[in-house]
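**Q** Structure supplied as final_25.csv; contents: CSV, C-alpha atoms (C1' of nucleotides).
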chain,number,residue,atom,x,y,z
A,1,MET,CA,94.5,82.4,80.9
A,2,SER,CA,91.3,81.1,79.3
A,3,PRO,CA,89.8,82.9,76.3
A,4,ALA,CA,86.6,83.2,78.4
A,5,VAL,CA,88.4,85.5,80.9
A,6,ALA,CA,89.7,87.7,78.1
A,7,SER,CA,86.3,87.8,76.6
A,8,LYS,CA,84.7,88.9,79.8
A,9,LEU,CA,87.3,91.6,80.3
A,10,HIS,CA,86.7,92.9,76.7
A,11,THR,CA,82.9,92.9,77.2
A,12,LEU,CA,83.2,94.7,80.5
A,13,TYR,CA,85.3,97.4,79.0
A,14,GLN,CA,82.8,97.9,76.2
A,15,ARG,CA,79.9,98.1,78.7
A,16,LEU,CA,81.6,100.6,80.9
A,17,PHE,CA,82.7,102.8,78.1
A,18,GLU,CA,79.2,102.8,76.5
A,19,ALA,CA,77.8,103.7,79.9
A,20,TYR,CA,80.2,106.4,81.0
A,21,GLY,CA,82.3,107.5,78.0
A,22,PRO,CA,85.9,108.8,78.2
A,23,GLN,CA,87.0,109.7,81.8
A,24,HIS,CA,90.0,111.9,81.1
A,25,TRP,CA,92.1,110.5,83.9
A,26,TRP,CA,94.3,111.0,86.1
A,27,PRO,CA,92.8,114.1,87.8
A,28,ALA,CA,95.9,116.3,87.8
A,29,GLU,CA,97.5,119.0,85.7
A,30,THR,CA,101.0,117.6,85.3
A,31,PRO,CA,102.9,114.3,85.5
A,32,PHE,CA,104.5,115.6,88.7
A,33,GLU,CA,101.1,116.2,90.3
A,34,VAL,CA,100.1,112.7,89.2
A,35,MET,CA,103.0,111.3,91.2
A,36,VAL,CA,102.2,113.4,94.3
A,37,GLY,CA,98.6,112.4,94.1
A,38,ALA,CA,99.5,108.7,93.7
A,39,VAL,CA,101.3,108.8,97.1
A,40,LEU,CA,98.8,110.9,98.9
A,41,THR,CA,95.8,108.8,97.8
A,42,GLN,CA,97.2,105.6,99.4
A,43,ASN,CA,94.4,104.2,101.4
A,44,THR,CA,92.7,107.6,101.4
A,45,ALA,CA,89.6,109.2,99.8
A,46,TRP,CA,90.5,111.4,96.9
A,47,THR,CA,88.5,114.4,98.3
A,48,ASN,CA,91.0,114.5,101.1
A,49,VAL,CA,93.9,114.3,98.6
A,50,GLU,CA,92.5,117.4,96.8
A,51,LYS,CA,92.7,119.4,100.0
A,52,ALA,CA,96.3,118.4,100.5
A,53,ILE,CA,97.4,119.2,96.9
A,54,ARG,CA,95.6,122.5,97.1
A,55,ALA,CA,97.5,123.4,100.3
A,56,LEU,CA,100.8,122.4,98.7
A,57,ARG,CA,100.1,124.5,95.6
A,58,GLU,CA,99.0,127.6,97.7
A,59,ALA,CA,102.2,127.3,99.7
A,60,GLY,CA,104.2,127.2,96.5
A,61,MET,CA,105.4,123.7,97.5
A,62,LEU,CA,104.0,121.7,94.6
A,63,GLN,CA,107.3,121.3,93.0
A,64,LEU,CA,110.0,118.7,92.9
A,65,ASP,CA,112.9,120.6,94.3
A,66,ALA,CA,110.7,122.4,96.9
A,67,ILE,CA,109.5,119.1,98.4
A,68,ALA,CA,112.8,117.4,98.1
A,69,GLY,CA,114.6,120.2,100.0
A,70,ALA,CA,111.9,121.0,102.6
A,71,GLU,CA,111.8,120.0,106.3
A,72,ALA,CA,109.6,116.9,106.6
A,73,GLU,CA,107.5,118.6,109.2
A,74,GLN,CA,106.6,121.5,106.8
A,75,ILE,CA,105.3,119.0,104.2
A,76,ALA,CA,103.5,117.0,106.8
A,77,ASN,CA,101.6,120.1,108.0
A,78,LEU,CA,100.6,121.0,104.5
A,79,ILE,CA,99.3,117.5,103.6
A,80,ARG,CA,97.6,116.9,106.9
A,81,PRO,CA,94.1,116.5,105.4
A,82,SER,CA,95.2,113.5,103.3
A,83,GLY,CA,95.9,111.5,106.5
A,84,TYR,CA,99.0,109.5,107.5
A,85,PHE,CA,100.8,112.9,107.0
A,86,ASN,CA,104.0,112.0,108.8
A,87,VAL,CA,104.4,108.8,106.7
A,88,LYS,CA,103.4,110.5,103.5
A,89,SER,CA,105.7,113.5,103.9
A,90,ARG,CA,108.6,111.2,104.1
A,91,ARG,CA,107.3,109.2,101.1
A,92,LEU,CA,106.9,112.3,99.0
A,93,GLN,CA,110.4,113.4,99.8
A,94,ALA,CA,111.8,109.9,99.0
A,95,LEU,CA,110.0,110.0,95.6
A,96,CYS,CA,111.2,113.6,94.8
A,97,ARG,CA,114.8,112.8,95.7
A,98,TRP,CA,114.6,109.7,93.6
A,99,LEU,CA,113.4,111.9,90.7
A,100,GLN,CA,116.2,114.3,91.2
A,101,SER,CA,118.8,111.4,91.1
A,102,HIS,CA,117.2,110.3,87.9
A,103,GLY,CA,117.7,113.7,86.3
A,104,GLY,CA,114.1,114.8,86.6
A,105,ILE,CA,110.8,113.6,85.2
A,106,ALA,CA,111.7,114.3,81.5
A,107,ALA,CA,114.7,111.9,81.8
A,108,LEU,CA,112.4,109.0,82.7
A,109,SER,CA,111.3,108.8,79.1
A,110,ARG,CA,114.7,107.3,78.2
A,111,GLU,CA,114.3,104.3,80.6
A,112,ALA,CA,112.7,101.0,79.7
A,113,THR,CA,109.4,100.3,81.5
A,114,LEU,CA,110.4,97.2,83.6
A,115,PRO,CA,113.7,98.6,84.9
A,116,LEU,CA,112.0,101.8,85.7
A,117,ARG,CA,109.3,99.9,87.6
A,118,ASP,CA,111.9,98.0,89.7
A,119,SER,CA,113.6,101.3,90.4
A,120,LEU,CA,110.4,102.9,91.6
A,121,LEU,CA,109.6,99.9,93.8
A,122,ALA,CA,112.9,100.3,95.5
A,123,VAL,CA,111.8,103.8,96.7
A,124,HIS,CA,110.6,103.7,100.3
A,125,GLY,CA,106.8,104.0,100.4
A,126,ILE,CA,106.3,103.1,96.7
A,127,GLY,CA,104.5,99.7,96.4
A,128,PRO,CA,103.0,98.1,93.3
A,129,GLU,CA,99.9,100.1,92.9
A,130,THR,CA,101.6,103.5,93.5
A,131,ALA,CA,104.4,102.5,91.1
A,132,ASP,CA,102.0,101.5,88.4
A,133,ALA,CA,99.8,104.5,88.8
A,134,ILE,CA,102.9,106.6,88.2
A,135,LEU,CA,104.0,104.5,85.3
A,136,LEU,CA,100.6,104.6,83.6
A,137,TYR,CA,99.3,108.0,84.4
A,138,ALA,CA,102.5,110.0,84.6
A,139,CYS,CA,104.8,108.1,82.2
A,140,GLU,CA,102.2,106.7,79.8
A,141,ARG,CA,103.6,103.1,80.1
A,142,PRO,CA,101.4,100.1,79.3
A,143,VAL,CA,101.0,98.8,82.9
A,144,PHE,CA,97.6,98.0,84.3
A,145,VAL,CA,96.8,99.4,87.8
A,146,ILE,CA,95.2,97.0,90.3
A,147,ASP,CA,93.5,98.9,93.1
A,148,ALA,CA,90.8,98.1,95.7
A,149,TYR,CA,88.1,98.9,93.2
A,150,THR,CA,89.5,96.5,90.6
A,151,ARG,CA,89.8,93.7,93.1
A,152,ARG,CA,86.2,94.1,94.2
A,153,LEU,CA,85.0,94.1,90.7
A,154,LEU,CA,87.0,91.1,89.7
A,155,ARG,CA,85.6,89.2,92.7
A,156,LYS,CA,82.1,90.2,91.7
A,157,LEU,CA,82.6,89.0,88.2
A,158,GLY,CA,83.9,85.6,89.5
A,159,LEU,CA,87.3,86.2,88.1
A,160,ALA,CA,89.1,86.4,91.4
A,161,GLU,CA,88.6,84.9,94.9
A,162,GLY,CA,90.2,87.8,96.7
A,163,ASP,CA,93.4,86.3,97.9
A,164,GLU,CA,95.3,86.6,94.6
A,165,ASP,CA,98.5,88.6,94.6
A,166,TYR,CA,98.8,91.9,92.8
A,167,THR,CA,100.9,90.5,89.9
A,168,SER,CA,98.5,87.7,89.0
A,169,LEU,CA,95.5,90.1,88.7
A,170,GLN,CA,97.6,92.5,86.7
A,171,ARG,CA,98.6,89.7,84.4
A,172,MET,CA,94.9,88.9,83.7
A,173,PHE,CA,94.4,92.3,82.2
A,174,GLU,CA,97.7,92.6,80.5
A,175,THR,CA,97.3,89.2,78.7
A,176,ALA,CA,93.7,89.9,77.8
A,177,LEU,CA,94.4,93.4,76.4
A,178,PRO,CA,96.9,94.9,73.9
A,179,PRO,CA,99.7,96.9,75.7
A,180,ASP,CA,98.1,100.2,75.0
A,181,PRO,CA,98.5,102.9,77.7
A,182,ALA,CA,95.5,104.9,76.6
A,183,LEU,CA,93.3,101.8,76.9
A,184,TYR,CA,94.7,100.8,80.3
A,185,ASN,CA,94.2,104.4,81.4
A,186,GLU,CA,90.6,104.5,80.3
A,187,TYR,CA,89.8,101.0,81.6
A,188,HIS,CA,91.0,101.7,85.1
A,189,ALA,CA,89.3,105.1,85.2
A,190,LEU,CA,86.1,103.5,84.1
A,191,ILE,CA,86.4,100.9,86.9
A,192,VAL,CA,86.7,103.6,89.5
A,193,ARG,CA,83.9,105.6,87.9
A,194,HIS,CA,81.6,102.6,87.9
A,195,ALA,CA,82.3,101.9,91.6
A,196,LYS,CA,81.7,105.5,92.6
A,197,GLU,CA,78.6,105.5,90.5
A,198,GLY,CA,77.2,103.0,93.0
A,199,CYS,CA,77.5,99.5,91.6
A,200,ASN,CA,75.8,97.4,94.3
A,201,GLU,CA,78.3,94.8,95.3
A,202,SER,CA,76.1,91.8,95.3
A,203,GLY,CA,72.9,92.6,93.3
A,204,ASP,CA,72.4,93.0,89.6
A,205,CYS,CA,74.2,95.7,87.8
A,206,ARG,CA,73.5,96.1,84.1
A,207,HIS,CA,77.1,97.4,83.5
A,208,CYS,CA,79.3,94.7,85.1
A,209,ARG,CA,77.0,91.7,84.6
A,210,VAL,CA,79.0,90.2,81.8
A,211,GLU,CA,78.9,86.6,80.5
A,212,ALA,CA,81.6,84.7,78.7
B,1,DA,C1',79.9,106.8,117.6
B,2,DC,C1',81.1,104.1,114.3
B,3,DC,C1',83.0,102.8,109.4
B,4,DC,C1',85.8,103.2,105.6
B,5,DA,C1',88.7,105.3,101.8
B,6,DG,C1',92.2,104.8,94.7
B,7,DG,C1',98.5,101.2,100.3
B,8,DG,C1',102.8,100.2,102.2
B,9,DT,C1',106.1,98.9,105.9
B,10,DC,C1',107.5,96.6,109.8
B,11,DA,C1',107.6,93.2,113.6
B,12,DT,C1',106.5,88.7,115.0
B,13,DA,C1',105.8,83.4,114.6
C,1,DT,C1',105.2,83.2,104.0
C,2,DA,C1',101.6,84.9,106.5
C,3,DT,C1',99.1,87.4,109.4
C,4,DG,C1',98.6,91.8,112.3
C,5,DA,C1',99.7,96.5,114.0
C,6,DC,C1',100.4,100.8,112.5
C,7,DC,C1',99.9,105.2,110.2
C,8,DA,C1',95.4,109.6,110.6
C,9,DT,C1',92.1,112.6,108.2
C,10,DG,C1',87.3,113.8,106.7
C,11,DG,C1',82.7,112.3,105.1
C,12,DG,C1',78.9,109.1,105.4
Kindly return the structure encoded in the file as structure tokens.

**A**
Amino acid sequence: MSPAVASKLHTLYQRLFEAYGPQHWWPAETPFEVMVGAVLTQNTAWTNVEKAIRALREAGMLQLDAIAGAEAEQIANLIRPSGYFNVKSRRLQALCRWLQSHGGIAALSREATLPLRDSLLAVHGIGPETADAILLYACERPVFVIDAYTRRLLRKLGLAEGDEDYTSLQRMFETALPPDPALYNEYHALIVRHAKEGCNESGDCRHCRVEA
DNA sequence: ACCCAGGGTCATA
DNA sequence: TATGACCATGGG
């Protein structure tokens, strides 16, 4: 990767941080809630995810063993507002049963990052972005999350065409930046904040107009 | 009445 | 390997 790309990514981070400050992500109380949210937010607006998580909590179902042992239909009814509820109820259960078989969330800390990532990717319904969101925001591992916001921003910066695969975009960030979970956390959160703040896709934006 | 949102899987060619 | 269909709700 060229030094110019790394320079742009550094500058972008500084601009966004100066503009918005610390973001305190992921919006969840516990690592387990991060994981649930990561599945529920697949291709879905976060406001809808909040309703689903609230419903799970009020039903006393926002717990690993409760979800793992429930009827799929019960979970589906609770998470209905987040969309794809039949798909996601099965995905949540697959994730929770995977967690059980790994000895719970605390036990994950004894696994190395890359094997853990492969293991997560083998869970039905967990793809690259969901796995990385879990690794970064729940497990505090130095993996950069590439989501739709990040792709759009990279395209706007001229750093991507749009057809690159997930891994190559992730590698851009991970080679440009030191492997620091707190930094990756903040950076991705700022990208989302910036997008929601209304960066106009094509016109000038004083925050993301960075030169090499 | 559209359109899209913090993806992922599966079937087909 | 590369597209396309499918999953489904709520807010603009």

**Q** Identify every residue of chain A that has at least one atom within 9 Å of any atom of chain C, counting all atoms listed in the file, and report the result as a PyMOL selection string.

**A** chain A and resi 44-45+47-48+80-87

**Q** How about saving the chosen residues, C-alpha atoms kept, as a PDB file, keeping the file's coordinate frame?

**A**
ATOM      1  CA  THR A  44      92.700 107.600 101.400  1.00  0.00           C
ATOM      2  CA  ALA A  45      89.600 109.200  99.800  1.00  0.00           C
ATOM      3  CA  THR A  47      88.500 114.400  98.300  1.00  0.00           C
ATOM      4  CA  ASN A  48      91.000 114.500 101.100  1.00  0.00           C
ATOM      5  CA  ARG A  80      97.600 116.900 106.900  1.00  0.00           C
ATOM      6  CA  PRO A  81      94.100 116.500 105.400  1.00  0.00           C
ATOM      7  CA  SER A  82      95.200 113.500 103.300  1.00  0.00           C
ATOM      8  CA  GLY A  83      95.900 111.500 106.500  1.00  0.00           C
ATOM      9  CA  TYR A  84      99.000 109.500 107.500  1.00  0.00           C
ATOM     10  CA  PHE A  85     100.800 112.900 107.000  1.00  0.00           C
ATOM     11  CA  ASN A  86     104.000 112.000 108.800  1.00  0.00           C
ATOM     12  CA  VAL A  87     104.400 108.800 106.700  1.00  0.00           C
TER      13      VAL A  87
END

**Q** Could you please tell me, as a PyMOL selection string, which residues of chain B have an atom within 6 Å of chain A when using all atoms listed in the file?

**A** chain B and resi 5+7-8

**Q** So what do you get for atom CA of His207 of chain A versus atom CA of Asp132 of chain A, distance-wise?

**A**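 Separation of atom CA of His207 of chain A and atom CA of Asp132 of chain A: 25.7 Å.
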
**Q** Quick one: pull the distance between atom CA of Pro178 of chain A and atom CA of Ser7 of chain A, Å, one decimal.

**A**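 Computed distance, atom CA of Pro178 of chain A to atom CA of Ser7 of chain A, equals 13.0 Å.
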
**Q** Quick one: pull the distance between atom CA of Tyr13 of chain A and atom CA of Pro115 of chain A, Å, one decimal.

**A** 29.0 Å

**Q** Missing atoms in segment 57-88 of chain A need filling: write out N, CA and C atoms for it as a compact mmCIF listing (two decimals), keeping the file's coordinate frame.

**A**
# COMPACT_ATOMS: atom_id res chain seq x y z
N ARG A 57 100.00 123.57 96.73
CA ARG A 57 100.10 124.50 95.60
C ARG A 57 100.05 125.97 96.19
N GLU A 58 99.15 126.22 97.13
CA GLU A 58 99.00 127.60 97.70
C GLU A 58 100.24 128.00 98.46
N ALA A 59 100.98 127.00 98.96
CA ALA A 59 102.20 127.30 99.70
C ALA A 59 103.41 127.40 98.74
N GLY A 60 103.16 127.20 97.45
CA GLY A 60 104.20 127.20 96.50
C GLY A 60 105.15 126.00 96.61
N MET A 61 104.63 124.93 97.20
CA MET A 61 105.40 123.70 97.50
C MET A 61 105.15 122.57 96.53
N LEU A 62 104.30 122.82 95.53
CA LEU A 62 104.00 121.70 94.60
C LEU A 62 104.97 121.62 93.50
N GLN A 63 106.23 121.46 93.92
CA GLN A 63 107.30 121.30 93.00
C GLN A 63 108.37 120.37 93.48
N LEU A 64 109.01 119.71 92.55
CA LEU A 64 110.00 118.70 92.90
C LEU A 64 111.04 119.15 93.86
N ASP A 65 111.76 120.20 93.48
CA ASP A 65 112.90 120.60 94.30
C ASP A 65 112.41 121.18 95.67
N ALA A 66 111.23 121.80 95.68
CA ALA A 66 110.70 122.40 96.90
C ALA A 66 110.42 121.24 97.93
N ILE A 67 109.77 120.19 97.47
CA ILE A 67 109.50 119.10 98.40
C ILE A 67 110.73 118.34 98.78
N ALA A 68 111.61 118.12 97.81
CA ALA A 68 112.80 117.40 98.10
C ALA A 68 113.68 118.09 99.17
N GLY A 69 113.66 119.43 99.13
CA GLY A 69 114.60 120.20 100.00
C GLY A 69 113.93 120.67 101.30
N ALA A 70 112.64 120.46 101.46
CA ALA A 70 111.90 121.00 102.60
C ALA A 70 112.20 120.22 103.89
N GLU A 71 111.81 120.81 105.03
CA GLU A 71 111.80 120.00 106.30
C GLU A 71 110.55 119.11 106.17
N ALA A 72 110.73 117.89 106.62
CA ALA A 72 109.60 116.90 106.60
C ALA A 72 108.40 117.44 107.28
N GLU A 73 108.63 118.15 108.36
CA GLU A 73 107.50 118.60 109.20
C GLU A 73 106.67 119.66 108.40
N GLN A 74 107.33 120.47 107.58
CA GLN A 74 106.60 121.50 106.80
C GLN A 74 105.65 120.78 105.80
N ILE A 75 106.18 119.77 105.12
CA ILE A 75 105.30 119.00 104.20
C ILE A 75 104.19 118.36 104.93
N ALA A 76 104.50 117.76 106.05
CA ALA A 76 103.50 117.00 106.80
C ALA A 76 102.33 117.98 107.20
N ASN A 77 102.65 119.19 107.62
CA ASN A 77 101.60 120.10 108.00
C ASN A 77 100.72 120.50 106.81
N LEU A 78 101.33 120.63 105.64
CA LEU A 78 100.60 121.00 104.50
C LEU A 78 99.64 119.89 104.00
N ILE A 79 100.10 118.66 104.09
CA ILE A 79 99.30 117.50 103.60
C ILE A 79 98.46 116.88 104.64
N ARG A 80 98.37 117.48 105.78
CA ARG A 80 97.60 116.90 106.90
C ARG A 80 96.23 116.36 106.51
N PRO A 81 95.43 117.05 105.68
CA PRO A 81 94.10 116.50 105.40
C PRO A 81 94.09 115.18 104.67
N SER A 82 95.19 114.77 104.06
CA SER A 82 95.20 113.50 103.30
C SER A 82 95.49 112.31 104.26
N GLY A 83 95.68 112.57 105.54
CA GLY A 83 95.90 111.50 106.50
C GLY A 83 97.31 110.91 106.40
N TYR A 84 97.69 110.13 107.41
CA TYR A 84 99.00 109.50 107.50
C TYR A 84 100.09 110.57 107.11
N PHE A 85 99.94 111.79 107.58
CA PHE A 85 100.80 112.90 107.00
C PHE A 85 102.24 112.74 107.33
N ASN A 86 102.60 112.16 108.48
CA ASN A 86 104.00 112.00 108.80
C ASN A 86 104.66 110.94 107.85
N VAL A 87 103.90 109.87 107.63
CA VAL A 87 104.40 108.80 106.70
C VAL A 87 104.50 109.37 105.30
N LYS A 88 103.44 110.05 104.86
CA LYS A 88 103.40 110.50 103.50
C LYS A 88 104.39 111.62 103.16
